[in-house]
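One file, target-v5.pdb, carrying PDB, C-alpha atoms, pLDDT in the B column:
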```
MODEL        1
ATOM      1  CA  MET A 256       0.000   0.000   0.000  1.00 38.00           C
ATOM      2  CA  ASP A 257       1.339   3.472  -0.838  1.00 59.00           C
ATOM      3  CA  LYS A 258       2.105   6.088   1.806  1.00 58.00           C
ATOM      4  CA  LEU A 259      -1.136   7.989   1.125  1.00 54.00           C
ATOM      5  CA  GLY A 260      -3.234   4.898   1.687  1.00 61.00           C
ATOM      6  CA  LYS A 261      -1.248   3.922   4.778  1.00 62.00           C
ATOM      7  CA  MET A 262      -1.759   7.358   6.265  1.00 64.00           C
ATOM      8  CA  LEU A 263      -5.533   6.985   6.153  1.00 67.00           C
ATOM      9  CA  GLU A 264      -5.633   3.346   7.236  1.00 64.00           C
ATOM     10  CA  GLY A 265      -7.906   3.021  10.243  1.00 63.00           C
ATOM     11  CA  GLU A 266      -9.359   6.542   9.954  1.00 65.00           C
ATOM     12  CA  ASN A 267     -12.973   5.322   9.750  1.00 70.00           C
ATOM     13  CA  ASN A 268     -15.081   6.644  12.621  1.00 70.00           C
ATOM     14  CA  THR A 269     -12.337   9.011  13.788  1.00 81.00           C
ATOM     15  CA  PHE A 270     -12.113  12.785  14.161  1.00 83.00           C
ATOM     16  CA  TRP A 271     -10.572  12.969  10.643  1.00 83.00           C
ATOM     17  CA  GLU A 272     -13.697  11.454   9.137  1.00 85.00           C
ATOM     18  CA  TYR A 273     -16.009  13.431  11.443  1.00 83.00           C
ATOM     19  CA  LEU A 274     -14.495  16.728  10.274  1.00 87.00           C
ATOM     20  CA  GLY A 275     -14.734  15.665   6.632  1.00 90.00           C
ATOM     21  CA  CYS A 276     -11.043  15.954   5.761  1.00 92.00           C
ATOM     22  CA  GLU A 277      -9.558  14.976   2.417  1.00 94.00           C
ATOM     23  CA  LEU A 278      -5.933  14.064   1.788  1.00 94.00           C
ATOM     24  CA  ILE A 279      -4.693  15.745  -1.406  1.00 95.00           C
ATOM     25  CA  ALA A 280      -0.958  14.972  -1.414  1.00 94.00           C
ATOM     26  CA  ALA A 281       1.738  13.726   0.930  1.00 93.00           C
ATOM     27  CA  ASP A 282       5.423  12.997   0.966  1.00 93.00           C
ATOM     28  CA  ALA A 283       8.155  12.961   3.594  1.00 93.00           C
ATOM     29  CA  ASN A 284       8.447  16.780   3.577  1.00 95.00           C
ATOM     30  CA  GLU A 285       4.950  18.143   2.954  1.00 97.00           C
ATOM     31  CA  VAL A 286       1.277  17.218   3.353  1.00 96.00           C
ATOM     32  CA  LEU A 287      -1.712  18.936   1.759  1.00 97.00           C
ATOM     33  CA  ILE A 288      -5.211  18.281   3.114  1.00 96.00           C
ATOM     34  CA  ALA A 289      -8.540  19.973   2.410  1.00 97.00           C
ATOM     35  CA  LEU A 290     -11.912  20.486   4.014  1.00 97.00           C
ATOM     36  CA  GLU A 291     -15.167  21.677   2.515  1.00 97.00           C
ATOM     37  CA  ALA A 292     -16.155  23.913   5.440  1.00 97.00           C
ATOM     38  CA  LYS A 293     -19.902  23.802   6.048  1.00 97.00           C
ATOM     39  CA  GLN A 294     -22.281  25.408   8.515  1.00 97.00           C
ATOM     40  CA  GLU A 295     -21.472  22.783  11.151  1.00 96.00           C
ATOM     41  CA  HIS A 296     -17.840  23.962  11.068  1.00 96.00           C
ATOM     42  CA  THR A 297     -18.778  27.566  11.946  1.00 97.00           C
ATOM     43  CA  ASN A 298     -19.314  29.448  15.182  1.00 97.00           C
ATOM     44  CA  VAL A 299     -22.162  31.829  16.104  1.00 96.00           C
ATOM     45  CA  MET A 300     -20.507  34.615  14.078  1.00 96.00           C
ATOM     46  CA  GLY A 301     -20.744  32.508  10.920  1.00 96.00           C
ATOM     47  CA  ILE A 302     -16.997  31.999  10.513  1.00 98.00           C
ATOM     48  CA  VAL A 303     -15.098  28.717  10.683  1.00 98.00           C
ATOM     49  CA  HIS A 304     -14.477  27.880  14.346  1.00 97.00           C
ATOM     50  CA  GLY A 305     -10.880  28.284  15.508  1.00 97.00           C
ATOM     51  CA  GLY A 306     -10.971  24.754  16.887  1.00 97.00           C
ATOM     52  CA  VAL A 307     -11.663  23.417  13.396  1.00 97.00           C
ATOM     53  CA  LEU A 308      -8.748  25.396  11.932  1.00 98.00           C
ATOM     54  CA  THR A 309      -6.462  24.272  14.750  1.00 98.00           C
ATOM     55  CA  SER A 310      -7.525  20.643  14.329  1.00 97.00           C
ATOM     56  CA  LEU A 311      -6.842  20.789  10.586  1.00 97.00           C
ATOM     57  CA  MET A 312      -3.343  22.160  11.101  1.00 98.00           C
ATOM     58  CA  ASP A 313      -2.565  19.695  13.887  1.00 97.00           C
ATOM     59  CA  GLN A 314      -3.775  16.834  11.689  1.00 95.00           C
ATOM     60  CA  ALA A 315      -1.689  17.915   8.682  1.00 97.00           C
ATOM     61  CA  MET A 316       1.433  18.479  10.786  1.00 97.00           C
ATOM     62  CA  GLY A 317       1.006  15.099  12.479  1.00 96.00           C
ATOM     63  CA  MET A 318       0.648  13.432   9.110  1.00 94.00           C
ATOM     64  CA  VAL A 319       3.799  15.012   7.679  1.00 97.00           C
ATOM     65  CA  SER A 320       5.661  14.075  10.870  1.00 96.00           C
ATOM     66  CA  MET A 321       4.649  10.442  10.455  1.00 94.00           C
ATOM     67  CA  ALA A 322       5.425  10.483   6.726  1.00 94.00           C
ATOM     68  CA  SER A 323       8.900  11.862   7.431  1.00 94.00           C
ATOM     69  CA  ARG A 324       9.576   8.942   9.813  1.00 94.00           C
ATOM     70  CA  ASN A 325       8.335   6.077   7.634  1.00 90.00           C
ATOM     71  CA  MET A 326       4.922   6.077   9.361  1.00 90.00           C
ATOM     72  CA  GLU A 327       6.194   5.839  12.934  1.00 92.00           C
ATOM     73  CA  PRO A 328       3.489   7.119  15.317  1.00 93.00           C
ATOM     74  CA  CYS A 329       3.921  10.688  16.561  1.00 95.00           C
ATOM     75  CA  VAL A 330       2.060  12.800  19.115  1.00 97.00           C
ATOM     76  CA  THR A 331       1.767  16.568  19.475  1.00 97.00           C
ATOM     77  CA  THR A 332       3.721  17.961  22.421  1.00 98.00           C
ATOM     78  CA  ASN A 333       3.404  21.674  21.628  1.00 98.00           C
ATOM     79  CA  LEU A 334       1.108  23.634  19.300  1.00 98.00           C
ATOM     80  CA  ASN A 335       1.095  27.383  18.601  1.00 98.00           C
ATOM     81  CA  VAL A 336      -1.619  28.986  16.465  1.00 98.00           C
ATOM     82  CA  HIS A 337      -2.071  32.466  15.012  1.00 98.00           C
ATOM     83  CA  PHE A 338      -5.470  33.386  13.548  1.00 98.00           C
ATOM     84  CA  LEU A 339      -4.955  35.980  10.818  1.00 98.00           C
ATOM     85  CA  SER A 340      -8.169  36.219   8.759  1.00 98.00           C
ATOM     86  CA  ALA A 341     -11.679  34.911   9.282  1.00 98.00           C
ATOM     87  CA  MET A 342     -12.387  31.831   7.198  1.00 98.00           C
ATOM     88  CA  ARG A 343     -15.858  31.299   5.775  1.00 98.00           C
ATOM     89  CA  GLN A 344     -17.725  28.272   4.472  1.00 98.00           C
ATOM     90  CA  GLY A 345     -16.134  26.749   1.386  1.00 98.00           C
ATOM     91  CA  ARG A 346     -12.975  24.887   0.492  1.00 98.00           C
ATOM     92  CA  LEU A 347     -10.047  25.257   2.869  1.00 98.00           C
ATOM     93  CA  GLU A 348      -6.599  23.847   2.174  1.00 98.00           C
ATOM     94  CA  VAL A 349      -3.958  23.137   4.784  1.00 98.00           C
ATOM     95  CA  ARG A 350      -0.297  22.730   3.884  1.00 98.00           C
ATOM     96  CA  ALA A 351       2.120  21.357   6.479  1.00 98.00           C
ATOM     97  CA  ARG A 352       5.911  21.132   6.231  1.00 98.00           C
ATOM     98  CA  ILE A 353       8.807  19.772   8.228  1.00 98.00           C
ATOM     99  CA  LEU A 354      11.045  22.491   9.664  1.00 98.00           C
ATOM    100  CA  HIS A 355      13.500  20.425  11.703  1.00 97.00           C
ATOM    101  CA  GLN A 356      14.120  16.928  13.011  1.00 96.00           C
ATOM    102  CA  GLY A 357      16.369  15.846  15.844  1.00 94.00           C
ATOM    103  CA  GLY A 358      16.302  12.432  17.486  1.00 93.00           C
ATOM    104  CA  ARG A 359      12.678  11.715  18.419  1.00 95.00           C
ATOM    105  CA  THR A 360      11.516  15.340  18.012  1.00 97.00           C
ATOM    106  CA  ILE A 361      10.043  16.895  14.869  1.00 98.00           C
ATOM    107  CA  THR A 362       9.199  20.595  14.399  1.00 98.00           C
ATOM    108  CA  THR A 363       6.606  21.509  11.785  1.00 98.00           C
ATOM    109  CA  GLU A 364       4.634  24.449  10.403  1.00 98.00           C
ATOM    110  CA  ALA A 365       1.224  24.699   8.730  1.00 98.00           C
ATOM    111  CA  GLU A 366      -1.053  27.247   7.119  1.00 98.00           C
ATOM    112  CA  VAL A 367      -4.737  27.367   6.198  1.00 98.00           C
ATOM    113  CA  ARG A 368      -5.883  29.157   3.044  1.00 98.00           C
ATOM    114  CA  ASP A 369      -9.294  29.538   1.473  1.00 98.00           C
ATOM    115  CA  SER A 370     -10.095  28.968  -2.211  1.00 97.00           C
ATOM    116  CA  GLU A 371      -9.079  32.552  -3.028  1.00 97.00           C
ATOM    117  CA  GLY A 372      -5.672  32.099  -1.408  1.00 98.00           C
ATOM    118  CA  THR A 373      -6.403  34.176   1.692  1.00 98.00           C
ATOM    119  CA  LEU A 374      -4.167  33.146   4.573  1.00 98.00           C
ATOM    120  CA  GLY A 375      -6.454  32.350   7.511  1.00 98.00           C
ATOM    121  CA  SER A 376      -4.121  30.931  10.129  1.00 98.00           C
ATOM    122  CA  ILE A 377      -0.620  29.628  10.693  1.00 98.00           C
ATOM    123  CA  SER A 378       0.854  27.322  13.279  1.00 98.00           C
ATOM    124  CA  THR A 379       3.963  25.575  14.435  1.00 98.00           C
ATOM    125  CA  ALA A 380       4.077  22.359  16.390  1.00 98.00           C
ATOM    126  CA  THR A 381       6.497  19.924  17.942  1.00 98.00           C
ATOM    127  CA  PHE A 382       5.880  16.193  17.716  1.00 98.00           C
ATOM    128  CA  ARG A 383       7.406  13.337  19.662  1.00 98.00           C
ATOM    129  CA  VAL A 384       8.088  10.096  17.818  1.00 96.00           C
ATOM    130  CA  LEU A 385       6.760   7.285  19.990  1.00 94.00           C
ATOM    131  CA  ARG A 386       8.769   4.200  20.704  1.00 82.00           C
ATOM    132  CA  THR A 387       7.210   1.081  19.280  1.00 72.00           C
ATOM    133  CA  GLN A 388       7.848  -2.561  20.069  1.00 59.00           C
ATOM    134  CA  ALA A 389       9.681  -2.918  16.742  1.00 55.00           C
ATOM    135  CA  SER A 390      12.026  -0.022  17.505  1.00 51.00           C
ATOM    136  CA  ASP A 391      12.532  -1.241  21.096  1.00 50.00           C
ATOM    137  CA  SER A 392      13.285  -4.852  20.145  1.00 49.00           C
ATOM    138  CA  GLY A 393      17.033  -4.215  19.995  1.00 47.00           C
ATOM    139  CA  LYS A 394      17.159  -2.517  23.408  1.00 48.00           C
ATOM    140  CA  ALA A 395      18.001  -4.270  26.635  1.00 39.00           C
TER     141      ALA A 395
ENDMDL
END
```
Can the structure from this file be put into structure tokens for me?
Amino acid sequence: MDKLGKMLEGENNTFWEYLGCELIAADANEVLIALEAKQEHTNVMGIVHGGVLTSLMDQAMGMVSMASRNMEPCVTTNLNVHFLSAMRQGRLEVRARILHQGGRTITTEAEVRDSEGTLGSISTATFRVLRTQASDSGKA
């Protein structure tokens, strides 16, 4: 199975599916996901809820972190978000990139843009690569 398919394996009935995310492209350095923002993604002011935007960026950055480490599981340890422009209903795209890797730590950045290219929010995050039984098998 290719990396794109592997990334979405087991995503049925998860937050990814609940939000309505779509994976557009992925490699070891960059991930692009999209969301067709609907009324259920908005707040009482009629703009896309900040929690939705934050979740999208966290998801994309987590995915690029895993892709950069041959699908090793990673968890968010720090997340910083800046909301720059209100996002409205419609197609949103999130691009996430690797900034730095060192040992079991990965630093990433992401941005959300609407279909007109307006920059809605940016974020940086740090991820911790989890130890797995396979990676621990050589340890005493």
Could you give me, as a tab-separated table, a per-residue list for stretch 267-332 of chain A showing, wherever an atom lies at most 6 Å from an atom of stretch 348-355 of chain A, the closest pair of atoms and their distance in Å to one decimal, using all atoms listed in the file and sorting by chain then residue number from low to high?
```
residue	atom	partner	partner_atom	distance
A:Asn284	CA	A:Ile353	CA	5.5
A:Glu285	CA	A:Arg352	CA	4.5
A:Val286	CA	A:Ala351	CA	5.3
A:Leu287	CA	A:Arg350	CA	4.6
A:Ile288	CA	A:Val349	CA	5.3
A:Ala289	CA	A:Glu348	CA	4.3
A:Ala315	CA	A:Ala351	CA	5.6
A:Met316	CA	A:Ala351	CA	5.2
```
Could you write out as JSON the box around stretch 270-274 of chain A (axis-aligned, all atoms listed in the file, 4 Å on each side), with centre and edge lengths in Å to one decimal?
```
{"center_x": -13.3, "center_y": 14.1, "center_z": 11.6, "size_x": 13.4, "size_y": 13.3, "size_z": 13.0}
```
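With distances restricted to only C-alpha atoms, A:Met342 is the closest residue to A:Met300 from A:Val367, A:Leu347, A:Met342, A:Ala281.
Atom pair atom CA of A:Gly357 / atom CA of A:Phe270 has a distance of 28.7 Å (rounded to one decimal).
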Decode the PyMOL selection byres ((chain A and resi 335-337) around 8) for the given file into explicit residues and return them as a PDB file with C-alpha atoms, keeping the file's coordinate frame.
```pdb
ATOM      1  CA  THR A 309      -6.462  24.272  14.750  1.00 98.00           C
ATOM      2  CA  ASN A 333       3.404  21.674  21.628  1.00 98.00           C
ATOM      3  CA  LEU A 334       1.108  23.634  19.300  1.00 98.00           C
ATOM      4  CA  PHE A 338      -5.470  33.386  13.548  1.00 98.00           C
ATOM      5  CA  LEU A 339      -4.955  35.980  10.818  1.00 98.00           C
ATOM      6  CA  SER A 376      -4.121  30.931  10.129  1.00 98.00           C
ATOM      7  CA  ILE A 377      -0.620  29.628  10.693  1.00 98.00           C
ATOM      8  CA  SER A 378       0.854  27.322  13.279  1.00 98.00           C
ATOM      9  CA  THR A 379       3.963  25.575  14.435  1.00 98.00           C
ATOM     10  CA  ALA A 380       4.077  22.359  16.390  1.00 98.00           C
TER      11      ALA A 380
END
```
*Starting from the shown file, work through the PyMOL selection byres ((chain A and resi 344) around 9) and note down what comes out as number ranges by chain.*
A: 291-294, 296-297, 301-303, 342-343, 345-347
Store the residues picked out above, limited to C-alpha atoms, as an mmCIF file, in the frame of the given file.
```cif
data_model
loop_
_atom_site.group_PDB
_atom_site.id
_atom_site.type_symbol
_atom_site.label_atom_id
_atom_site.label_comp_id
_atom_site.auth_asym_id
_atom_site.auth_seq_id
_atom_site.Cartn_x
_atom_site.Cartn_y
_atom_site.Cartn_z
ATOM 1 C CA GLU A 291 -15.167 21.677 2.515
ATOM 2 C CA ALA A 292 -16.155 23.913 5.440
ATOM 3 C CA LYS A 293 -19.902 23.802 6.048
ATOM 4 C CA GLN A 294 -22.281 25.408 8.515
ATOM 5 C CA HIS A 296 -17.840 23.962 11.068
ATOM 6 C CA THR A 297 -18.778 27.566 11.946
ATOM 7 C CA GLY A 301 -20.744 32.508 10.920
ATOM 8 C CA ILE A 302 -16.997 31.999 10.513
ATOM 9 C CA VAL A 303 -15.098 28.717 10.683
ATOM 10 C CA MET A 342 -12.387 31.831 7.198
ATOM 11 C CA ARG A 343 -15.858 31.299 5.775
ATOM 12 C CA GLY A 345 -16.134 26.749 1.386
ATOM 13 C CA ARG A 346 -12.975 24.887 0.492
ATOM 14 C CA LEU A 347 -10.047 25.257 2.869
#
```
_Option closest in space to A:Glu364, from A:Thr269, A:Thr332, A:Ser320, A:Asn325 [counting all atoms listed in the file]_ = A:Ser320
*If we count only C-alpha atoms, what is near A:Gly317 at a cut-off of 9 Å, once residues fewer than 6 positions away on the same chain are taken out, given as a list of chain:residue names?*
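Here the answer would be A:Pro328, A:Cys329, A:Val330, A:Thr331, A:Ala351, A:Thr363, A:Ala380, A:Phe382.
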*What gap, in Å, lies between atom CA of A:Met318 and atom CA of A:Thr373?*
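Computing it gives 23.1 Å between the two atoms.
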_If I take atom CA of A:Ser340 and atom CA of A:Ser370, how far is one from the other in Å, to one decimal?_
13.3 Å
*Closest to A:Ser310 among A:Thr387, A:Asn298, A:Gly275, A:Thr362, using all atoms listed in the file?*
A:Gly275
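With only C-alpha atoms as the basis for measurement, A:Glu327 is the residue among A:Glu366, A:Glu371, A:Glu327, A:Glu272 that approaches A:Val384 most closely.
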*Of the residues A:Glu277, A:Leu385, A:Ala341, A:Gly372, which is the one nearest to A:Thr360, using all atoms listed in the file?*
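Ranked by minimum distance to A:Thr360, first place goes to A:Leu385.
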